[in-house]
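Source file: coords.cif (mmCIF, C-alpha atoms and all ligand atoms)
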```cif
data_input
loop_
_atom_site.label_atom_id
_atom_site.label_comp_id
_atom_site.auth_asym_id
_atom_site.auth_seq_id
_atom_site.Cartn_x
_atom_site.Cartn_y
_atom_site.Cartn_z
CA MET W 1 -21.57 31.43 -10.48
CA PRO W 2 -21.17 32.36 -14.16
CA GLU W 3 -23.06 30.05 -16.46
CA THR W 4 -20.79 27.90 -18.63
CA ALA W 5 -22.03 26.07 -21.68
CA ARG W 6 -20.61 22.72 -20.60
CA PRO W 7 -19.28 21.08 -17.47
CA ALA W 8 -15.52 20.68 -17.11
CA GLY W 9 -14.17 17.56 -18.78
CA LYS W 10 -12.50 16.57 -22.01
CA PRO W 11 -13.61 18.55 -25.09
CA VAL W 12 -16.39 16.82 -27.00
CA ILE W 13 -16.02 15.48 -30.54
CA TYR W 14 -19.19 14.69 -32.48
CA SER W 15 -19.74 13.29 -35.95
CA GLY W 16 -22.46 11.53 -37.92
CA ILE W 17 -22.72 9.43 -41.06
CA GLN W 18 -25.89 8.68 -43.01
CA PRO W 19 -26.91 5.02 -43.49
CA SER W 20 -27.81 5.92 -47.06
CA GLY W 21 -25.67 3.32 -48.84
CA THR W 22 -22.51 1.34 -48.29
CA LEU W 23 -19.66 3.52 -47.07
CA THR W 24 -17.00 4.39 -49.63
CA ILE W 25 -13.27 4.71 -49.31
CA GLY W 26 -13.99 8.49 -49.44
CA ASN W 27 -16.11 8.25 -46.28
CA TYR W 28 -13.35 6.18 -44.69
CA ILE W 29 -10.55 8.61 -45.55
CA GLY W 30 -12.53 11.82 -44.91
CA SER W 31 -14.20 10.72 -41.68
CA LEU W 32 -14.27 7.18 -40.26
CA SER W 33 -10.51 6.52 -40.30
CA ARG W 34 -9.89 9.62 -38.17
CA PHE W 35 -12.32 8.78 -35.38
CA LYS W 36 -10.21 6.13 -33.68
CA GLN W 37 -7.29 8.55 -33.23
CA LEU W 38 -9.55 11.01 -31.41
CA GLU W 39 -10.88 8.56 -28.84
CA ALA W 40 -7.97 8.94 -26.42
CA ASP W 41 -8.03 12.71 -26.04
CA PHE W 42 -11.71 13.60 -26.37
CA ASP W 43 -15.17 12.56 -25.24
CA CYS W 44 -16.48 11.20 -28.52
CA LEU W 45 -20.00 10.68 -29.81
CA PHE W 46 -20.53 9.04 -33.20
CA CYS W 47 -23.97 8.72 -34.66
CA VAL W 48 -25.83 6.75 -37.32
CA VAL W 49 -27.96 9.61 -38.63
CA ASP W 50 -30.96 7.65 -39.86
CA MET W 51 -33.32 10.64 -39.67
CA HIS W 52 -31.09 12.51 -42.11
CA ALA W 53 -31.14 9.51 -44.47
CA ILE W 54 -34.94 9.70 -44.92
CA THR W 55 -34.69 13.15 -46.52
CA VAL W 56 -34.22 11.00 -49.64
CA ARG W 57 -36.71 8.15 -50.20
CA GLN W 58 -35.39 4.89 -48.69
CA ASP W 59 -36.70 1.34 -48.82
CA PRO W 60 -37.59 0.59 -45.14
CA ALA W 61 -36.15 -2.95 -44.98
CA GLN W 62 -33.01 -1.85 -46.77
CA LEU W 63 -32.61 1.16 -44.47
CA ARG W 64 -32.83 -1.06 -41.37
CA GLY W 65 -30.09 -3.24 -42.86
CA LYS W 66 -27.90 -0.22 -43.68
CA ILE W 67 -28.24 1.09 -40.11
CA ASN W 68 -26.81 -2.16 -38.72
CA GLU W 69 -24.18 -2.23 -41.45
CA LEU W 70 -22.99 1.28 -40.59
CA ALA W 71 -23.03 0.67 -36.82
CA ALA W 72 -20.92 -2.46 -37.41
CA LEU W 73 -18.49 -0.43 -39.54
CA TYR W 74 -17.99 2.14 -36.79
CA LEU W 75 -17.10 -0.76 -34.51
CA ALA W 76 -15.01 -2.56 -37.13
CA VAL W 77 -12.54 0.33 -37.35
CA GLY W 78 -11.82 -0.26 -33.67
CA LEU W 79 -13.92 2.30 -31.78
CA ASP W 80 -14.34 1.30 -28.15
CA PRO W 81 -18.03 1.38 -27.23
CA GLY W 82 -17.14 1.26 -23.54
CA ASN W 83 -15.63 4.70 -23.96
CA THR W 84 -17.03 6.34 -27.08
CA ILE W 85 -20.80 6.83 -27.35
CA LEU W 86 -22.04 5.11 -30.50
CA TYR W 87 -25.76 5.39 -31.18
CA CYS W 88 -28.56 5.83 -33.63
CA GLN W 89 -30.04 9.34 -34.07
CA SER W 90 -33.71 8.29 -34.02
CA HIS W 91 -33.21 6.57 -30.64
CA VAL W 92 -32.73 10.00 -29.03
CA PRO W 93 -35.87 12.08 -29.66
CA ALA W 94 -34.15 15.22 -28.32
CA HIS W 95 -32.55 15.61 -31.77
CA ALA W 96 -35.93 16.23 -33.40
CA GLU W 97 -37.02 18.36 -30.47
CA LEU W 98 -34.04 20.69 -30.57
CA ALA W 99 -34.19 20.81 -34.38
CA TRP W 100 -37.70 22.29 -34.12
CA VAL W 101 -36.58 24.98 -31.69
CA LEU W 102 -33.55 25.80 -33.88
CA ASP W 103 -35.78 25.94 -36.98
CA CYS W 104 -37.32 28.99 -35.33
CA PHE W 105 -33.86 30.60 -35.17
CA THR W 106 -32.82 29.86 -38.76
CA TYR W 107 -33.64 31.97 -41.79
CA MET W 108 -34.98 30.66 -45.09
CA GLY W 109 -32.30 32.63 -46.92
CA GLU W 110 -29.53 30.82 -45.02
CA LEU W 111 -30.93 27.42 -45.97
CA GLN W 112 -31.48 28.43 -49.59
CA ARG W 113 -27.75 29.00 -49.98
CA MET W 114 -26.76 25.42 -49.02
CA THR W 115 -25.05 23.68 -51.92
CA GLN W 116 -26.02 20.20 -50.70
CA PHE W 117 -29.70 21.25 -50.81
CA LYS W 118 -29.26 22.58 -54.34
CA ASP W 119 -27.44 19.39 -55.44
CA LYS W 120 -29.89 17.00 -53.83
CA SER W 121 -32.97 18.86 -55.04
CA ALA W 122 -31.59 18.74 -58.58
CA ARG W 123 -31.01 14.98 -58.22
CA HIS W 124 -34.39 14.24 -56.57
CA GLU W 125 -36.66 16.63 -58.44
CA ASP W 126 -39.74 14.54 -57.64
CA ASN W 127 -39.16 14.79 -53.88
CA ILE W 128 -37.91 18.23 -52.82
CA ASN W 129 -39.30 17.89 -49.30
CA ALA W 130 -39.10 20.26 -46.33
CA GLY W 131 -36.76 17.85 -44.50
CA LEU W 132 -34.22 18.13 -47.30
CA PHE W 133 -34.42 21.90 -46.88
CA THR W 134 -34.07 21.93 -43.08
CA TYR W 135 -31.47 19.11 -43.07
CA PRO W 136 -28.70 21.47 -41.80
CA VAL W 137 -30.83 22.48 -38.80
CA LEU W 138 -31.19 18.85 -37.71
CA MET W 139 -27.43 18.54 -38.12
CA ALA W 140 -26.93 21.67 -35.98
CA ALA W 141 -29.18 20.09 -33.32
CA ASP W 142 -27.11 16.86 -33.40
CA ILE W 143 -23.96 18.82 -32.71
CA LEU W 144 -25.23 21.45 -30.27
CA LEU W 145 -27.10 18.99 -28.02
CA TYR W 146 -23.78 17.59 -26.79
CA GLN W 147 -21.86 20.86 -26.30
CA THR W 148 -19.47 19.77 -29.04
CA SER W 149 -16.10 21.49 -29.49
CA ALA W 150 -15.02 19.95 -32.80
CA VAL W 151 -16.66 18.08 -35.66
CA PRO W 152 -14.48 15.83 -37.84
CA VAL W 153 -15.99 15.79 -41.34
CA GLY W 154 -15.03 15.93 -45.02
CA ALA W 155 -14.87 19.22 -46.93
CA ASP W 156 -18.43 18.88 -48.25
CA GLN W 157 -19.79 19.53 -44.75
CA LYS W 158 -17.98 22.84 -44.18
CA GLN W 159 -21.01 24.92 -45.14
CA HIS W 160 -23.26 22.93 -42.79
CA LEU W 161 -20.80 23.49 -39.96
CA GLU W 162 -20.83 27.21 -40.63
CA ILE W 163 -24.60 27.38 -40.33
CA ALA W 164 -24.47 25.33 -37.10
CA ARG W 165 -22.02 27.88 -35.71
CA ASP W 166 -24.17 30.81 -36.85
CA ILE W 167 -27.26 29.31 -35.20
CA ALA W 168 -25.36 28.68 -31.94
CA ILE W 169 -23.96 32.21 -31.87
CA ARG W 170 -27.38 33.72 -32.64
CA PHE W 171 -29.03 31.69 -29.87
CA ASN W 172 -26.28 32.50 -27.36
CA ASN W 173 -26.54 36.22 -28.18
CA ILE W 174 -30.21 36.17 -27.21
CA TYR W 175 -30.22 33.74 -24.26
CA GLY W 176 -26.70 33.73 -22.83
CA ASN W 177 -24.11 30.98 -22.95
CA VAL W 178 -26.28 27.97 -23.86
CA PHE W 179 -24.25 26.22 -26.59
CA VAL W 180 -20.56 25.62 -27.19
CA VAL W 181 -19.78 27.01 -30.65
CA PRO W 182 -18.31 24.04 -32.61
CA GLU W 183 -15.24 24.13 -34.85
CA PRO W 184 -14.96 22.12 -38.05
CA TYR W 185 -12.10 19.58 -38.08
CA ILE W 186 -11.38 18.91 -41.75
CA PRO W 187 -8.27 16.97 -42.87
CA LYS W 188 -5.63 18.87 -44.89
CA ILE W 189 -5.44 16.07 -47.43
CA GLY W 190 -8.17 13.57 -48.23
CA ALA W 191 -11.06 15.89 -47.32
CA LYS W 192 -12.56 15.35 -50.76
CA ILE W 193 -11.88 12.04 -52.47
CA LEU W 194 -13.21 12.21 -56.02
CA SER W 195 -15.50 9.96 -58.04
CA LEU W 196 -13.62 7.28 -60.01
CA GLN W 197 -15.72 8.00 -63.08
CA ASP W 198 -16.04 11.78 -62.88
CA PRO W 199 -13.17 13.43 -61.01
CA SER W 200 -14.98 16.78 -61.11
CA ARG W 201 -17.35 15.39 -58.44
CA LYS W 202 -16.78 14.00 -54.96
CA MET W 203 -17.03 10.25 -54.42
CA SER W 204 -20.47 9.60 -52.94
CA LYS W 205 -22.14 6.48 -51.57
CA SER W 206 -25.47 7.26 -53.24
CA ASP W 207 -23.92 7.45 -56.71
CA PRO W 208 -23.67 4.48 -59.14
CA GLU W 209 -21.51 1.50 -58.05
CA ASP W 210 -18.64 2.00 -60.51
CA THR W 211 -17.94 5.54 -59.22
CA PHE W 212 -16.68 4.42 -55.81
CA ILE W 213 -14.69 1.82 -53.91
CA GLY W 214 -17.04 0.45 -51.26
CA MET W 215 -15.60 -0.34 -47.83
CA LEU W 216 -17.16 -3.79 -48.14
CA ASP W 217 -16.14 -4.47 -51.75
CA PRO W 218 -14.29 -7.78 -52.26
CA PRO W 219 -10.69 -7.53 -53.58
CA GLU W 220 -11.56 -8.46 -57.17
CA VAL W 221 -14.25 -5.76 -57.31
CA ILE W 222 -11.82 -3.17 -55.95
CA ARG W 223 -9.23 -4.14 -58.56
CA ARG W 224 -11.77 -4.00 -61.38
CA LYS W 225 -13.20 -0.61 -60.35
CA MET W 226 -9.74 0.87 -59.95
CA LYS W 227 -8.62 -0.44 -63.35
CA ARG W 228 -11.60 1.32 -64.95
CA ALA W 229 -11.08 4.60 -63.09
CA VAL W 230 -11.03 7.62 -65.37
CA THR W 231 -7.55 9.08 -65.57
CA ASP W 232 -6.36 12.13 -67.47
CA SER W 233 -4.81 12.76 -70.84
CA GLY W 234 -1.05 12.22 -71.11
CA ALA W 235 0.82 9.39 -69.42
CA GLU W 236 2.89 11.02 -66.69
CA VAL W 237 2.00 10.27 -63.06
CA ARG W 238 2.11 13.73 -61.50
CA PHE W 239 0.27 15.30 -58.55
CA ASP W 240 -1.62 18.21 -60.12
CA PRO W 241 -5.19 18.41 -58.76
CA ASP W 242 -6.29 21.02 -61.34
CA GLY W 243 -4.59 19.65 -64.45
CA LYS W 244 -4.74 15.93 -63.56
CA PRO W 245 -7.62 15.46 -61.10
CA GLY W 246 -8.11 11.72 -61.75
CA VAL W 247 -4.45 10.78 -61.30
CA SER W 248 -4.06 13.15 -58.33
CA ASN W 249 -7.07 11.50 -56.69
CA LEU W 250 -5.38 8.09 -56.93
CA ILE W 251 -2.10 9.50 -55.60
CA THR W 252 -3.97 11.06 -52.65
CA MET W 253 -5.68 7.77 -51.79
CA LEU W 254 -2.45 5.79 -52.07
CA SER W 255 -0.58 8.34 -49.97
CA ILE W 256 -3.13 8.37 -47.14
CA LEU W 257 -3.72 4.63 -47.08
CA THR W 258 -0.01 3.82 -46.96
CA GLY W 259 0.93 6.71 -44.63
CA ARG W 260 3.43 8.17 -47.10
CA THR W 261 3.82 11.71 -48.39
CA ILE W 262 2.42 12.72 -51.77
CA ALA W 263 5.94 13.50 -53.02
CA SER W 264 7.28 10.08 -52.09
CA VAL W 265 4.37 8.30 -53.77
CA GLU W 266 4.78 10.46 -56.87
CA GLY W 267 8.48 9.61 -56.97
CA ASP W 268 7.73 5.88 -57.29
CA TYR W 269 6.11 6.31 -60.69
CA VAL W 270 8.76 8.16 -62.63
CA GLY W 271 8.87 6.41 -65.98
CA LYS W 272 5.89 4.20 -65.12
CA GLY W 273 2.35 4.57 -66.45
CA TYR W 274 -1.12 4.96 -64.98
CA GLY W 275 -1.60 1.17 -64.91
CA ALA W 276 1.02 0.70 -62.19
CA LEU W 277 -0.49 3.50 -60.09
CA LYS W 278 -3.98 2.01 -60.40
CA ALA W 279 -2.76 -1.45 -59.43
CA ASP W 280 -0.96 -0.12 -56.33
CA ALA W 281 -3.90 2.08 -55.30
CA ALA W 282 -6.16 -0.99 -55.58
CA GLU W 283 -3.80 -3.07 -53.40
CA ALA W 284 -3.64 -0.30 -50.79
CA CYS W 285 -7.45 -0.33 -50.59
CA VAL W 286 -7.56 -4.13 -50.39
CA GLU W 287 -4.97 -4.24 -47.61
CA THR W 288 -6.58 -1.45 -45.59
CA LEU W 289 -10.06 -2.87 -45.88
CA ALA W 290 -9.38 -6.59 -45.32
CA PRO W 291 -9.08 -6.46 -41.50
CA ILE W 292 -12.00 -4.02 -41.25
CA GLN W 293 -14.16 -6.32 -43.36
CA ALA W 294 -13.30 -9.28 -41.12
CA GLU W 295 -14.25 -7.34 -37.98
CA HIS W 296 -17.38 -6.12 -39.70
CA ARG W 297 -18.48 -9.69 -40.42
CA ARG W 298 -17.87 -10.57 -36.78
CA TRP W 299 -20.07 -7.73 -35.52
CA LEU W 300 -22.87 -8.48 -37.96
CA ALA W 301 -22.87 -12.10 -36.85
CA ASP W 302 -23.81 -10.91 -33.34
CA LEU W 303 -26.73 -8.53 -33.76
CA THR W 304 -27.74 -8.96 -30.12
CA GLU W 305 -24.44 -7.46 -29.00
CA LEU W 306 -24.58 -4.78 -31.72
CA ASN W 307 -28.05 -3.74 -30.55
CA ARG W 308 -26.91 -3.74 -26.94
CA VAL W 309 -24.08 -1.33 -27.85
CA LEU W 310 -26.52 0.97 -29.67
CA LYS W 311 -29.01 0.89 -26.80
CA ASP W 312 -26.32 1.69 -24.25
CA GLY W 313 -25.06 4.52 -26.50
CA ALA W 314 -28.59 5.93 -26.84
CA ASP W 315 -29.11 5.84 -23.04
CA ARG W 316 -25.85 7.71 -22.42
CA ALA W 317 -26.49 10.20 -25.23
CA SER W 318 -30.05 10.81 -23.97
CA ARG W 319 -28.81 11.79 -20.52
CA ILE W 320 -26.45 14.42 -21.96
CA ALA W 321 -29.06 15.64 -24.45
CA ALA W 322 -31.67 16.02 -21.70
CA ARG W 323 -29.44 18.50 -19.85
CA THR W 324 -29.11 20.74 -22.91
CA MET W 325 -32.79 20.40 -23.78
CA GLY W 326 -33.88 21.32 -20.24
CA LYS W 327 -31.83 24.48 -20.45
CA VAL W 328 -33.13 25.35 -23.92
CA ARG W 329 -36.75 24.89 -22.77
CA ARG W 330 -36.21 27.16 -19.78
CA LYS W 331 -34.41 29.84 -21.77
CA VAL W 332 -36.97 29.96 -24.57
CA GLY W 333 -39.91 29.94 -22.15
CA LEU W 334 -41.59 26.67 -23.13
CA ALA W 335 -44.02 25.28 -20.54
CA PRO W 336 -42.13 23.69 -17.64
CA LEU W 337 -42.57 19.93 -17.24
CA ASN W 338 -43.77 19.45 -13.64
P1 LIG E 1 -24.66 10.59 -49.67
O1 LIG E 1 -24.15 10.33 -51.04
O2 LIG E 1 -25.71 9.64 -49.24
O3 LIG E 1 -25.00 12.02 -49.41
P2 LIG E 1 -21.93 10.66 -48.70
O4 LIG E 1 -21.10 9.62 -49.36
O5 LIG E 1 -21.76 12.06 -49.11
O6 LIG E 1 -23.46 10.24 -48.72
P3 LIG E 1 -22.20 11.16 -45.86
O7 LIG E 1 -22.95 10.23 -44.99
O8 LIG E 1 -22.94 12.40 -46.29
O9 LIG E 1 -21.63 10.47 -47.17
O10 LIG E 1 -20.85 11.60 -45.16
C1 LIG E 1 -20.19 10.94 -44.12
C2 LIG E 1 -18.86 11.59 -43.87
O11 LIG E 1 -17.96 11.30 -44.95
C3 LIG E 1 -18.92 13.12 -43.78
O12 LIG E 1 -18.00 13.55 -42.80
C4 LIG E 1 -18.48 13.57 -45.14
O13 LIG E 1 -17.92 14.87 -45.12
C5 LIG E 1 -17.43 12.52 -45.47
N1 LIG E 1 -17.29 12.35 -46.91
C6 LIG E 1 -18.29 12.06 -47.77
N2 LIG E 1 -17.81 11.93 -49.03
C7 LIG E 1 -16.48 12.16 -48.94
C8 LIG E 1 -15.42 12.19 -49.91
N3 LIG E 1 -15.66 11.95 -51.19
N4 LIG E 1 -14.16 12.46 -49.48
C9 LIG E 1 -13.91 12.70 -48.18
N5 LIG E 1 -14.86 12.70 -47.22
C10 LIG E 1 -16.13 12.43 -47.58
N1 LIG E 2 -24.69 15.96 -42.86
C1 LIG E 2 -23.63 15.03 -42.68
C2 LIG E 2 -23.99 13.90 -41.74
C3 LIG E 2 -24.26 14.46 -40.38
C4 LIG E 2 -23.29 14.98 -39.45
C5 LIG E 2 -24.03 15.35 -38.30
C6 LIG E 2 -21.91 15.14 -39.51
C7 LIG E 2 -25.47 14.56 -39.77
N2 LIG E 2 -25.34 15.09 -38.53
C8 LIG E 2 -23.39 15.93 -37.21
C9 LIG E 2 -21.28 15.71 -38.40
C10 LIG E 2 -22.01 16.10 -37.28
C11 LIG E 2 -23.33 14.44 -44.06
O1 LIG E 2 -24.14 14.46 -44.92
N3 LIG E 2 -22.17 13.94 -44.21
#
```

Render the structure in this file as structure tokens.
Ligand code: ATP
Ligand code: LTN
Amino acid sequence: MPETARPAGKPVIYSGIQPSGTLTIGNYIGSLSRFKQLEADFDCLFCVVDMHAITVRQDPAQLRGKINELAALYLAVGLDPGNTILYCQSHVPAHAELAWVLDCFTYMGELQRMTQFKDKSARHEDNINAGLFTYPVLMAADILLYQTSAVPVGADQKQHLEIARDIAIRFNNIYGNVFVVPEPYIPKIGAKILSLQDPSRKMSKSDPEDTFIGMLDPPEVIRRKMKRAVTDSGAEVRFDPDGKPGVSNLITMLSILTGRTIASVEGDYVGKGYGALKADAAEACVETLAPIQAEHRRWLADLTELNRVLKDGADRASRIAARTMGKVRRKVGLAPLN
């Protein structure tokens, strides 16, 4: 029988988010909001990638809190843990195990080209550690362990997806059909929501507070941050990402959060100023986030149930991961476990 990389079934979707801060509206638009729609047609695994988060120094107590906070947010957007596998990366040691093997199939030169490594090493000059450098290999292991077909992420992760594909193809060329080669699944609009204070950069949860709308921000904070968002010179509300990046960023958010086209949103502001756009963008965030925040509070009030969900997810993920790991061990020639 020819060897296939995965058993027949629905295609697998995999994604991860770092518990490195409070999720932003950028994380929501670029990733989290899309997960629920995928649940029906795919076998989904969503992960709290806590091992990735420690590539930057974290306060241990705070990190533990952020892990619960993120797990509760995954659930608060409506993911069904009876169907989707929701778990914490460090609960499944196969991630670290496969990452080591894949390290031996990844070249220094490939990792040196990663823009996230360059960015993060510039921002954390005192802690340019080896984990920050091999971060994309751990991400490749996350994805390849589960024979993933598609990975929903924001545009910033495109380069990491390419390296995951290159590693999978390289490994398969040597050992046969071991891994499914994953495809990136990046939204056409909203793949890169920009910082409210510096629209030349993406919105990021590890940046200062006033640069992002947090998914857990109360309404008055959202309104204040939006009011202070940097807009562009001139007064006309027009969608022009190169000439008017700040205004275009607000139009994009408003369009996605209200389910309207960019052109129709733009049309509403003929003859109106930036103030009206900011106020409406703030209200769209408030309205989108209110029910999620309520669900989030409910999940955090029941940590026993939250931990049960994560434990069940880790057990299910471990069983799938063990199949891939067994095959990898055999193919590479590591000592058999018997
Ligand atoms: P950090 O600042 O700690 O690196 P981050 O805000 O970049 O965090 P991640 O945990 O790295 O967030 O990313 C989670 C998901 O959100 C990924 O799929 C990523 O591509 C997506 N994402 C992150 N920032 C944005 C953004 N500004 N716009 C759209 N999608 C985004
Ligand atoms: N590197 C990603 C987070 C991440 C991920 C993954 C995303 C870790 N493992 C696997 C998709 C699939 C980030 O920084 N956003």

Enter the distance from atom CA of His160 of chain W to atom CA of Pro11 of chain W, in Å, rounded to one decimal.
20.6 Å

May I have a table of the residues of chain W lying at most 6 Å from ligand LIG 2 (chain E), giving each one's closest pair of atoms and their distance in Å to one decimal, counting all atoms listed in the file, ordered by chain and ascending residue number, as a Markdown table?
```
| residue | atom | partner | partner_atom | distance |
| --- | --- | --- | --- | --- |
| W:Tyr14 | CA | E:LIG2 | C10 | 5.7 |
| W:Ser15 | CA | E:LIG2 | C9 | 3.8 |
| W:Gly16 | CA | E:LIG2 | C4 | 3.9 |
| W:Ile17 | CA | E:LIG2 | C2 | 4.7 |
| W:Gln18 | CA | E:LIG2 | C2 | 5.7 |
| W:Val49 | CA | E:LIG2 | C7 | 5.7 |
| W:Met139 | CA | E:LIG2 | N2 | 4.1 |
| W:Asp142 | CA | E:LIG2 | C8 | 5.4 |
| W:Ile143 | CA | E:LIG2 | C8 | 5.4 |
| W:Val151 | CA | E:LIG2 | C9 | 5.9 |
```

7 Å shell around ligand LIG 1 (chain E) using only C-alpha atoms and all ligand atoms, listed as JSON, numbers by chain:
{"W": [16, 17, 18, 19, 20, 21, 23, 24, 26, 27, 28, 29, 30, 31, 152, 153, 154, 155, 156, 157, 190, 191, 192, 193, 194, 202, 203, 204, 205, 206, 207]}

If we count all atoms listed in the file and set the cut-off at 7 Å, which residues sit around segment 75-79 of chain W, ignoring sequence neighbours fewer than 3 positions away in its own chain? Please answer as a list in words.
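Listing them by chain and then by number gives Lys36, Ala71, Ala72, Thr84, Ile292, Glu295 and His296 of chain W.
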
Need the shell around Ser318 of chain W: protein/DNA/RNA residues with any atom at most 12 Å away, counting all atoms listed in the file. Skip same-chain ones fewer than 6 positions apart. Format as an MDAnalysis selection string?
chainID W and resid 45 85:95 142 145:146 310:312 324:326

How close does segment 130-241 of chain W get to segment 108-118 of chain W? List, as JSON lines, each residue of segment 130-241 of chain W within 12 Å, its nearest atom pair and the distance in Å to one decimal, counting only C-alpha atoms.
```
{"residue": "W:Ala130", "atom": "CA", "partner": "W:Phe117", "partner_atom": "CA", "distance": 10.5}
{"residue": "W:Gly131", "atom": "CA", "partner": "W:Phe117", "partner_atom": "CA", "distance": 10.1}
{"residue": "W:Leu132", "atom": "CA", "partner": "W:Phe117", "partner_atom": "CA", "distance": 6.5}
{"residue": "W:Phe133", "atom": "CA", "partner": "W:Phe117", "partner_atom": "CA", "distance": 6.2}
{"residue": "W:Thr134", "atom": "CA", "partner": "W:Leu111", "partner_atom": "CA", "distance": 7.0}
{"residue": "W:Tyr135", "atom": "CA", "partner": "W:Phe117", "partner_atom": "CA", "distance": 8.2}
{"residue": "W:Pro136", "atom": "CA", "partner": "W:Leu111", "partner_atom": "CA", "distance": 7.6}
{"residue": "W:Val137", "atom": "CA", "partner": "W:Leu111", "partner_atom": "CA", "distance": 8.7}
{"residue": "W:Leu138", "atom": "CA", "partner": "W:Leu111", "partner_atom": "CA", "distance": 11.9}
{"residue": "W:Ala155", "atom": "CA", "partner": "W:Gln116", "partner_atom": "CA", "distance": 11.8}
{"residue": "W:Asp156", "atom": "CA", "partner": "W:Gln116", "partner_atom": "CA", "distance": 8.1}
{"residue": "W:Gln157", "atom": "CA", "partner": "W:Gln116", "partner_atom": "CA", "distance": 8.6}
{"residue": "W:Lys158", "atom": "CA", "partner": "W:Met114", "partner_atom": "CA", "distance": 10.4}
{"residue": "W:Gln159", "atom": "CA", "partner": "W:Met114", "partner_atom": "CA", "distance": 7.0}
{"residue": "W:His160", "atom": "CA", "partner": "W:Met114", "partner_atom": "CA", "distance": 7.6}
{"residue": "W:Leu161", "atom": "CA", "partner": "W:Met114", "partner_atom": "CA", "distance": 11.0}
{"residue": "W:Glu162", "atom": "CA", "partner": "W:Glu110", "partner_atom": "CA", "distance": 10.4}
{"residue": "W:Ile163", "atom": "CA", "partner": "W:Glu110", "partner_atom": "CA", "distance": 7.6}
{"residue": "W:Ala164", "atom": "CA", "partner": "W:Glu110", "partner_atom": "CA", "distance": 10.9}
{"residue": "W:Asp166", "atom": "CA", "partner": "W:Glu110", "partner_atom": "CA", "distance": 9.8}
{"residue": "W:Ile167", "atom": "CA", "partner": "W:Glu110", "partner_atom": "CA", "distance": 10.2}
{"residue": "W:Lys202", "atom": "CA", "partner": "W:Gln116", "partner_atom": "CA", "distance": 11.9}
```

Residue nearest Lys120 of chain W - candidates W:Arg57, W:Lys278, W:Lys66, W:Arg165, atoms counted: all atoms listed in the file:
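Under the stated criterion, the closest residue is W:Arg57.
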
Mind rebuilding segment 146-159 of chain W with N, CA and C atoms and writing that out as a PDB file, in the coordinates of the input?
```
ATOM      1  N   TYR W 146     -24.827  18.225 -27.605  1.00  0.00           N
ATOM      2  CA  TYR W 146     -23.780  17.590 -26.790  1.00  0.00           C
ATOM      3  C   TYR W 146     -22.653  18.544 -26.428  1.00  0.00           C
ATOM      4  N   GLN W 147     -22.869  19.848 -26.640  1.00  0.00           N
ATOM      5  CA  GLN W 147     -21.860  20.860 -26.300  1.00  0.00           C
ATOM      6  C   GLN W 147     -20.522  20.516 -26.959  1.00  0.00           C
ATOM      7  N   THR W 148     -20.608  20.245 -28.252  1.00  0.00           N
ATOM      8  CA  THR W 148     -19.470  19.770 -29.040  1.00  0.00           C
ATOM      9  C   THR W 148     -18.445  20.865 -29.325  1.00  0.00           C
ATOM     10  N   SER W 149     -17.160  20.525 -29.158  1.00  0.00           N
ATOM     11  CA  SER W 149     -16.100  21.490 -29.490  1.00  0.00           C
ATOM     12  C   SER W 149     -15.667  21.359 -30.942  1.00  0.00           C
ATOM     13  N   ALA W 150     -15.540  20.121 -31.439  1.00  0.00           N
ATOM     14  CA  ALA W 150     -15.020  19.950 -32.800  1.00  0.00           C
ATOM     15  C   ALA W 150     -15.746  18.824 -33.529  1.00  0.00           C
ATOM     16  N   VAL W 151     -15.894  19.016 -34.835  1.00  0.00           N
ATOM     17  CA  VAL W 151     -16.660  18.080 -35.660  1.00  0.00           C
ATOM     18  C   VAL W 151     -15.798  17.593 -36.821  1.00  0.00           C
ATOM     19  N   PRO W 152     -15.292  16.342 -36.743  1.00  0.00           N
ATOM     20  CA  PRO W 152     -14.480  15.830 -37.840  1.00  0.00           C
ATOM     21  C   PRO W 152     -15.376  15.410 -39.015  1.00  0.00           C
ATOM     22  N   VAL W 153     -15.192  16.072 -40.143  1.00  0.00           N
ATOM     23  CA  VAL W 153     -15.990  15.790 -41.340  1.00  0.00           C
ATOM     24  C   VAL W 153     -15.145  16.037 -42.585  1.00  0.00           C
ATOM     25  N   GLY W 154     -15.657  15.615 -43.743  1.00  0.00           N
ATOM     26  CA  GLY W 154     -15.030  15.930 -45.020  1.00  0.00           C
ATOM     27  C   GLY W 154     -15.381  17.354 -45.437  1.00  0.00           C
ATOM     28  N   ALA W 155     -14.716  17.823 -46.501  1.00  0.00           N
ATOM     29  CA  ALA W 155     -14.870  19.220 -46.930  1.00  0.00           C
ATOM     30  C   ALA W 155     -16.301  19.571 -47.321  1.00  0.00           C
ATOM     31  N   ASP W 156     -17.068  18.585 -47.806  1.00  0.00           N
ATOM     32  CA  ASP W 156     -18.430  18.880 -48.250  1.00  0.00           C
ATOM     33  C   ASP W 156     -19.327  19.384 -47.115  1.00  0.00           C
ATOM     34  N   GLN W 157     -18.936  19.143 -45.877  1.00  0.00           N
ATOM     35  CA  GLN W 157     -19.790  19.530 -44.750  1.00  0.00           C
ATOM     36  C   GLN W 157     -19.430  20.885 -44.132  1.00  0.00           C
ATOM     37  N   LYS W 158     -18.457  21.568 -44.749  1.00  0.00           N
ATOM     38  CA  LYS W 158     -17.980  22.840 -44.180  1.00  0.00           C
ATOM     39  C   LYS W 158     -19.128  23.858 -44.070  1.00  0.00           C
ATOM     40  N   GLN W 159     -19.913  23.941 -45.123  1.00  0.00           N
ATOM     41  CA  GLN W 159     -21.010  24.920 -45.140  1.00  0.00           C
ATOM     42  C   GLN W 159     -22.044  24.610 -44.039  1.00  0.00           C
TER      43      GLN W 159
END
```
